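Colleague: Right, I'll just put the structure down here and ask away after.
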Amino acid sequence: MDHARLLRDVAELEDPVRISELLVEALVREKLSSEDRPDGELLRRLGQAQIRLGHDARGISLLNAAVNAHPEELGLAALRAALQQAGEDLRAVKQIRKSLAAAPRAAAGQLYYLYLDLGYPALAVQASRRAHVSSINGHVRRWRFWWSTGGPFWFLRTAMRRREAAELDDRLGADDEMQVSVDSLLGSVRADLDTDRTAWTLVDDVTKLVEEGDLLGAARVLAEPISSDCRHPAVLEAAIDLAVRVDDSRLALQLCAAASSQTGRLALRRARSLFWLDRLKDAWAAIDNDAAEEVYRDLRAQILLDAGLTYLAVSVRGGVTWERRQWYERWWRTGGPLWFVRARGERHDRGNFADRIGRRQPTIEALEPSALAEALTLAVKVDEVLTQSTSLPALDTIKDLSALNDRDRPSLRLLDQLAWAYYRDDQDDLALLPIREARALEPADAGILYTESLILMALDRYAEALDIAKRYAAEFGQPGLARLSSGNLYDNLGFYTLSLDRLGPREGLSVWAQNLRRKQWWRTGGPIDRWRARIRRTDESNMASWQERAARLNAALTSVVGPAEAVSLRVYADHFIFRESSRRSKWNRVKFVGQLFVGFAGSLVGGVVLARIFGKQDLWFVINAVVGGLIILGLLRPTYRLTRGESGDRILTRAFPAVGIVGVAGYLTTRADGLGLLLLGVAVVAVAAVAALRLLVAVGARIAEALALRQLRRDEPRGFAIVSLLDVLAEFSRPTKRNDLTWRRQQLQTLEQVAVTIESSLPAIFAVDPSFSELLRRRGQSAATAIRELKYLLVAMPPGAGRRIEQLLRQDVAALATGSLSRLRAVEPPAPQIRRRSRIELSLHVAKTMFFAGLPLAVVVSAQPWLRFNETILNWARLLTLGWAVLYVLMTADSTFREKLRVAFALINLSRGAGESAPENPPVPERRDRR
């Protein structure tokens with residue numbers, strides 16, 4: 001067969017085994033018939049065929065021999081592509097430099113591409129002068145790099161080229177590569193022909209089955225050679241591709257580990273699988289080498305983007321590629337032509353690199369060949385079930401996946417999807433079991449974290465979800481899906497600034513996560529960073545106080561029901577604490593915004609009044625109004641502390657009287673002669689008026705807060721009772737508290753509130769008909785009486801009372817937490833004692849009440865002829881004395897009115913309402929599929 005016909009036949013063939021067979025025979029015949037160098041064209045085609053079969057090292061050696069025999073452009077291009085695909089760019093530079101003397105233009109052209117990929121633009125420009133450029137695009141690119149390296153300022157390009165050459169020489173090192181003889185290469189090709197033929201036939205069958213959609217058939221075809229410990233690269237690559245197709249990256253990693261030799265393609269597949277499993281540090285270490293080919297740089301950039309390191313990603317990816325347009329947006333976002341902005345961002349990203357990329361993880365355990373084959377078949381079966389599950393109820397999917405689940409050989413994707421099926425079927429407690437198994441199998445997978453977080457949120461186990469998210473970030477970094485999981489968790493809790501912080505940069509986030517990030521950015525102040533910083537401080541404080549109190553009560557609950565039960569039972573206490581702090585935070589923010597608005601609006605109105613008094617018009621009127629408003633705002637500043645409204649007692653006894661005195665002083669100042677005193681008096685009156693309005697806003701907010709908290713206790717009586725009793729139990733265990741009489745008095749109030757809640761609010765939840773309501777009311781009274789008996793023990797503290805109180809508190813807490821309300825202690829309430837009065841006693845009592853009620857009014861009416869009050873003062877006096885009469889009659893007629901009045905004053909008391917928290921009632925997370 002002549003040379004031209006052989007090349008034509010080889011070009012028409014698709015089978016690399018047949019190509020290798022023909023070329024080996026031709027090269028052997030040529031070697032026997034001639035002592036000249038072997039044909040470079042035949043060696044090049046043979047090397048490319050061997051690379052297709054997975055023999056990368058052998059193929060590269062054959063391409064190197066082809067270049068040595070005949071250094072032409074196609075051979076040099078094939079050698080460069082093969083070495084770059086294997087991640088050996090520096091070796092490619094060494095090999096192609098050797099051909100500069102024999103083929104200067106062809107070698108310079110390949111060096112041009114290598115220098116661009118390696119990031120040496122000045123060396124690339126120098127190489128391009130000797131290379132042959134035939135396309136317009138090539139001329140445009142060369143012209144662009146000529147300008148970027150100095151343009152007509154040749155001395156800048158020369159200095160840059162010297163620096164790049166010195167750096168490249170240091171990286172290249174000595175040329176110590178051993179040349180492999182062509183005879184030995186041909187011999188190894190001939191020896192592996194039968195094995196290659198069998199493997200390629202099998203791979204061809206698998207490819208056809210995959211194209212036909214028969215993935216299970218393809219898995220069964222691959223299972224036989226894999227189970228017999230076949231380590232042919234082509235077979236393993238086909239199995240890896242099938243595992244990736246069915247979304248089982250863990251299995252793909254195990255198949256990569258089974259290869260006898262790690263080729264460049266297998267190394268790249270392994271790095272991608274590690275990246276898909278969110279093992280960012282391991283994936284980065286797998287490709288953190290001298291490989292500069294575009295696929296390697298793309299994968300490095302994807303890892304950095306997933307971790308939110310945008311500036312480093314742009315730097316690593318580089319702009320000297322054929323796909324530079326894809327990076328224009330990120331290039332402009334990271335500074336564009338302002339290189340110093342990008343440099344500062346890169347320094348910041350390098351400082352955060354270790355935290356965001358995570359730590360190295362243990363190597364995934366290797367499987368036996370038979371186990372690998374079974375795992376591949378199982379992965380395909382799971383994929384088929386999930387493909388069909390889109391049109392089936394979730395219960396059918398659960399049955400099918402449960403039938404495939406093998407606890408001895410767990411499948412990561414099966415466990416993950418089984419948890420999702422339980423979650424979609426509203427069986428959240430059962431969904432926790434498989435997702436916990438999946439997390440134990442692959443703890444770095446952020447998809448597992450996201451699923452577990454959604455399940456825990458559906459179960460209201462927010463404290464546990466927060467703890468898991470915190471431990472994940474410390475161990476595995478911050479991949480995009482993990483950032484979404486944390487951001488979504490904080491969003492459901494209502495801490496929007498913390499959600500924005502956890503989401504991080506937009507790069508690496510899904511479209512839904514980017515929309516959530518944009519929403520959080522706008523709702524926390526948008527471009528106003530100072531406003532966002534204030535909200536962040538509040539959120540962090542509320543979060544810390546909530547977690548601290550929840551942890552303290554959880555410790556007390558654990559001592560009652562045990563650590564295993566406390567994990568799920570703490571939900572009721574945590575949920576009530578969160579909703580209580582949410583309501584406090586909501587009305588604190590309403591008070592802050594309302595007082596802020598009143599302050600600025602009142603200052604503006606006061607400034608307008610001062611400007612009108614001053615008498616200027618046109619532009620001077622506006623200037624005077626602004627200056628007057630600023631003066632009033634400045635005078636109002638010292639009153640902020642007085643008008644915070646922290647305590648109801650202080651509002652009535654200090655704040656309002658002080659504001660009234662200031663207002664009267666300002667009014668008296670306005671009565672004096674002189675424009676200056678008039679303006680000063682009006683300003684003081686305006687300050688007093690605005691301060692009074694701020695106090696009214698504070699009082700209104702505190703009243704609304706107290707009403708909201710009272711309504712919460714009615715809506716969630718069980719949570720309130722558990723939290724209150726746990727508070728008493730947690731503090732009662734401290735010996736120093738037991739001897740504190742003030743503390744005892746506070747606990748008496750708490751126990752009375754719990755008794756009232758158990759007596760009225762708790763039975764009201766189950767009231768469905770009058771007879772059953774009456775039964776519950778009597779049982780509630782009995783349980784409340786038992787709680788009230790603790791009050792005497794707490795006050796008297798006889799010997800042994802401390803242990804007895806703790807025992808009784810634990811019993812009631814256990815009954816409420818577990819829902820076994822029948823275990824609540826019950827004591828029959830004492831019968832009410834009724835004292836009958838005679839008619840004379842009742843008449844005297846009524847007369848006495850009417851006398852003292854009407855006495856102030858009678859004094860005012862009697863003193864009017866002598867004191868001669870004006871109409872305004874007389875009307876106020878009548879109103880106050882009538883109010884006193886009504887109040888006195890109510891207090892005398894209703895013995896409980898004093899307690900009701902005390903409760904009314906407590907509504908505006910701030911002593912127990914300090915602190916802010918997140919908005920109320922965290923929403924239930926949506927049921928959405930992750931994939």
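By convention here, the chains of the structure tokens are called A, B, ... in the order presented, each chain's residues are numbered starting at 1, and ligands are numbered starting at 1 in the order presented.
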Do you know which residues are at most 9 Å from A:Ala375 counting only C-alpha atoms, after dropping those on the same chain fewer than 4 positions away, and could you put them as an MDAnalysis selection string?
Modeller: chainID A and resid 251 370:371 379:380 409:411
Colleague: Mind pulling up the distance from atom CA of A:Arg269 to atom CA of A:Ser188?
Modeller: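 Between these atoms lies a distance of 26.1 Å.
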Colleague: How many Å separate atom CA of A:Leu842 from atom CA of A:Val889?
Modeller: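 Going from atom CA of A:Leu842 over to atom CA of A:Val889, I get 14.3 Å.
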Colleague: To one decimal in Å, tell me the separation between atom CA of A:Arg583 and atom CA of A:Met457.
Modeller: 19.8 Å
Colleague: Show me, as number ranges by chain, the residues that have an atom within 9 Å of A:Ala814 when counting only C-alpha atoms, minus same-chain residues fewer than 2 positions from it.
Modeller: A: 557, 560-561, 722, 809-812, 816-820, 823-824
Colleague: Using DSSP on the backbone coordinates, identify the residues of stretch 20-257 of chain A assigned to alpha helix (DSSP H); present them as a ChimeraX atom specification.
Modeller: /A:20-33,40-52,56-69,73-85,89-97,104-118,121-130,136-148,154-172,182-191,193-212,215-227,233-245,249-257
Colleague: Looking at only C-alpha atoms, which of A:Ala826, A:Ala863, A:Ala218, A:Ile364 is the one that sits closest to A:Ala252?
Modeller: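 Closest to A:Ala252, using only C-alpha atoms: A:Ile364.
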Colleague: Which is closest to A:Phe720 among A:Leu821, A:Leu46, A:Ala689, A:Ala573, if we use only C-alpha atoms?
Modeller: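 Among the listed residues, A:Ala573 lies closest to A:Phe720.
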Colleague: Mind checking which residues fall within 10 Å of A:Ile787, counting only C-alpha atoms, ignoring those fewer than 6 positions away in the same chain, and posting them as a PyMOL selection string?
Modeller: chain A and resi 751-756+758+781+808-809+812+824-827
Colleague: So that I have them on file, write out the residues from the current selection with N, CA and C atoms, as a compact mmCIF listing (two decimals), in the first residue's frame.
Modeller:
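The resulting result09.txt:
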```txt
# COMPACT_ATOMS: atom_id res chain seq x y z
N LEU A 751 -45.15 33.16 87.73
CA LEU A 751 -45.98 31.99 88.01
C LEU A 751 -47.46 32.33 87.92
N GLU A 752 -47.84 33.54 88.34
CA GLU A 752 -49.24 33.94 88.23
C GLU A 752 -49.67 34.07 86.76
N GLN A 753 -48.78 34.62 85.93
CA GLN A 753 -49.09 34.71 84.50
C GLN A 753 -49.24 33.32 83.89
N VAL A 754 -48.37 32.38 84.28
CA VAL A 754 -48.49 31.02 83.78
C VAL A 754 -49.80 30.39 84.25
N ALA A 755 -50.17 30.63 85.51
CA ALA A 755 -51.42 30.08 86.02
C ALA A 755 -52.62 30.62 85.25
N VAL A 756 -52.63 31.92 85.00
CA VAL A 756 -53.73 32.51 84.22
C VAL A 756 -53.78 31.92 82.82
N ILE A 758 -52.70 28.92 81.81
CA ILE A 758 -53.18 27.53 81.86
C ILE A 758 -54.66 27.49 82.20
N GLN A 781 -58.54 25.19 85.81
CA GLN A 781 -58.51 25.80 87.13
C GLN A 781 -57.73 24.93 88.12
N LEU A 808 -41.38 19.87 91.08
CA LEU A 808 -42.70 20.21 90.54
C LEU A 808 -42.58 20.98 89.22
N LEU A 809 -41.61 21.88 89.13
CA LEU A 809 -41.40 22.61 87.88
C LEU A 809 -41.02 21.66 86.75
N ASP A 812 -44.13 19.80 85.48
CA ASP A 812 -45.00 20.62 84.63
C ASP A 812 -44.36 20.92 83.27
N LEU A 824 -50.05 17.22 83.85
CA LEU A 824 -50.00 18.45 84.63
C LEU A 824 -50.57 18.21 86.02
N ARG A 825 -49.91 18.71 87.02
CA ARG A 825 -50.42 18.57 88.39
C ARG A 825 -51.76 19.30 88.53
N ALA A 826 -52.64 18.72 89.28
CA ALA A 826 -53.98 19.30 89.46
C ALA A 826 -54.34 19.31 90.94
N VAL A 827 -54.81 20.45 91.40
CA VAL A 827 -55.28 20.63 92.78
C VAL A 827 -56.63 21.33 92.70
```
Colleague: With 7 Å as the cut-off and only C-alpha atoms counted, what is the closest atom pair between each nearby residue of stretch 438-512 of chain A and stretch 516-524 of chain A? Distances in Å to one decimal, ordered by chain and number, as JSON lines.
Modeller:
```
{"residue": "A:Tyr496", "atom": "CA", "partner": "A:Gln520", "partner_atom": "CA", "distance": 5.8}
{"residue": "A:Thr497", "atom": "CA", "partner": "A:Thr524", "partner_atom": "CA", "distance": 6.3}
{"residue": "A:Leu500", "atom": "CA", "partner": "A:Gln520", "partner_atom": "CA", "distance": 5.8}
{"residue": "A:Leu503", "atom": "CA", "partner": "A:Arg517", "partner_atom": "CA", "distance": 6.6}
{"residue": "A:Trp512", "atom": "CA", "partner": "A:Leu516", "partner_atom": "CA", "distance": 6.3}
```
Colleague: Please write the residues from the selection above to a file, keeping N, CA and C atoms, as a short mmCIF file (atom, residue, chain, number, x, y, z; two decimals), in the first residue's frame.
Modeller:
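File produced: again-v2.cif:
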```cif
data_model
loop_
_atom_site.label_atom_id
_atom_site.label_comp_id
_atom_site.auth_asym_id
_atom_site.auth_seq_id
_atom_site.Cartn_x
_atom_site.Cartn_y
_atom_site.Cartn_z
N TYR A 496 -32.60 40.38 57.61
CA TYR A 496 -32.33 40.60 56.19
C TYR A 496 -30.89 41.04 55.92
N THR A 497 -30.31 41.81 56.81
CA THR A 497 -28.90 42.20 56.60
C THR A 497 -27.98 41.00 56.75
N LEU A 500 -28.23 39.03 53.61
CA LEU A 500 -27.44 39.63 52.54
C LEU A 500 -25.95 39.32 52.73
N LEU A 503 -25.29 35.68 51.75
CA LEU A 503 -25.35 35.44 50.30
C LEU A 503 -24.05 35.87 49.62
N TRP A 512 -32.34 32.55 41.09
CA TRP A 512 -33.24 32.76 42.22
C TRP A 512 -32.49 33.38 43.39
#
```
Colleague: Which one of A:Ile455, A:Ala127, A:Met850, A:Ala564 sits closest to A:Leu432 if you count only C-alpha atoms?
Modeller: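 Of A:Ile455, A:Ala127, A:Met850, A:Ala564, the one nearest A:Leu432 is A:Ile455, counting only C-alpha atoms.
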Colleague: List the neighbours of A:Arg58 out to 9 Å using only C-alpha atoms; skip same-chain residues closer than 3 positions along the sequence, and give me the result as a list in words.
Modeller: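 With the cut-off at 9 Å, the set is Gly47, Gln50, Ile51, His55, Ser61, Leu62, Leu63, Leu185, Ser188 and Val189 of chain A.
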Colleague: Keeping only C-alpha atoms, take the residues you just selected and write them out as a PDB file, in the first residue's frame.
Modeller:
```
ATOM      1  CA  GLY A  47      -0.218   9.393  18.253  1.00  0.00           C
ATOM      2  CA  GLN A  50      -3.589   6.440  20.750  1.00  0.00           C
ATOM      3  CA  ILE A  51      -4.802   9.540  22.571  1.00  0.00           C
ATOM      4  CA  HIS A  55      -3.137   6.148  26.035  1.00  0.00           C
ATOM      5  CA  SER A  61       5.582  10.370  22.945  1.00  0.00           C
ATOM      6  CA  LEU A  62       4.572   9.438  19.380  1.00  0.00           C
ATOM      7  CA  LEU A  63       3.674  13.067  18.598  1.00  0.00           C
ATOM      8  CA  LEU A 185       6.438   2.708  21.253  1.00  0.00           C
ATOM      9  CA  SER A 188       3.636  -1.375  22.979  1.00  0.00           C
ATOM     10  CA  VAL A 189       1.006  -0.321  20.437  1.00  0.00           C
TER      11      VAL A 189
END
```
Colleague: As a list in words, please: the residues near stretch 866-880 of chain A (cut-off 12 Å, only C-alpha atoms, same-chain neighbours under 5 positions excluded).
Modeller: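 Here the answer would be Ala853, Gly854, Leu855, Pro856, Leu857, Ala858, Val859, Val860, Val861, Ala885, Val886 and Leu887 of chain A.
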Colleague: Looking at only C-alpha atoms, which of A:Tyr422, A:Phe851, A:Lys381, A:Asp715 is the one that sits closest to A:Leu395?
Modeller: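 The answer is A:Tyr422, which sits nearest to A:Leu395.
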Colleague: List the spatial neighbours of A:Gly345 as a PyMOL selection string - criterion: any atom at most 8 Å away, only C-alpha atoms, same-chain residues fewer than 3 positions off excluded.
Modeller: chain A and resi 311-312+334+341-342+348-349
Colleague: Taking only C-alpha atoms into account, which of A:Glu212, A:Asp408, A:Asp204, A:Asp460 comes nearest A:Asp428?
Modeller: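 Using only C-alpha atoms, the shortest distance to A:Asp428 belongs to A:Asp460.
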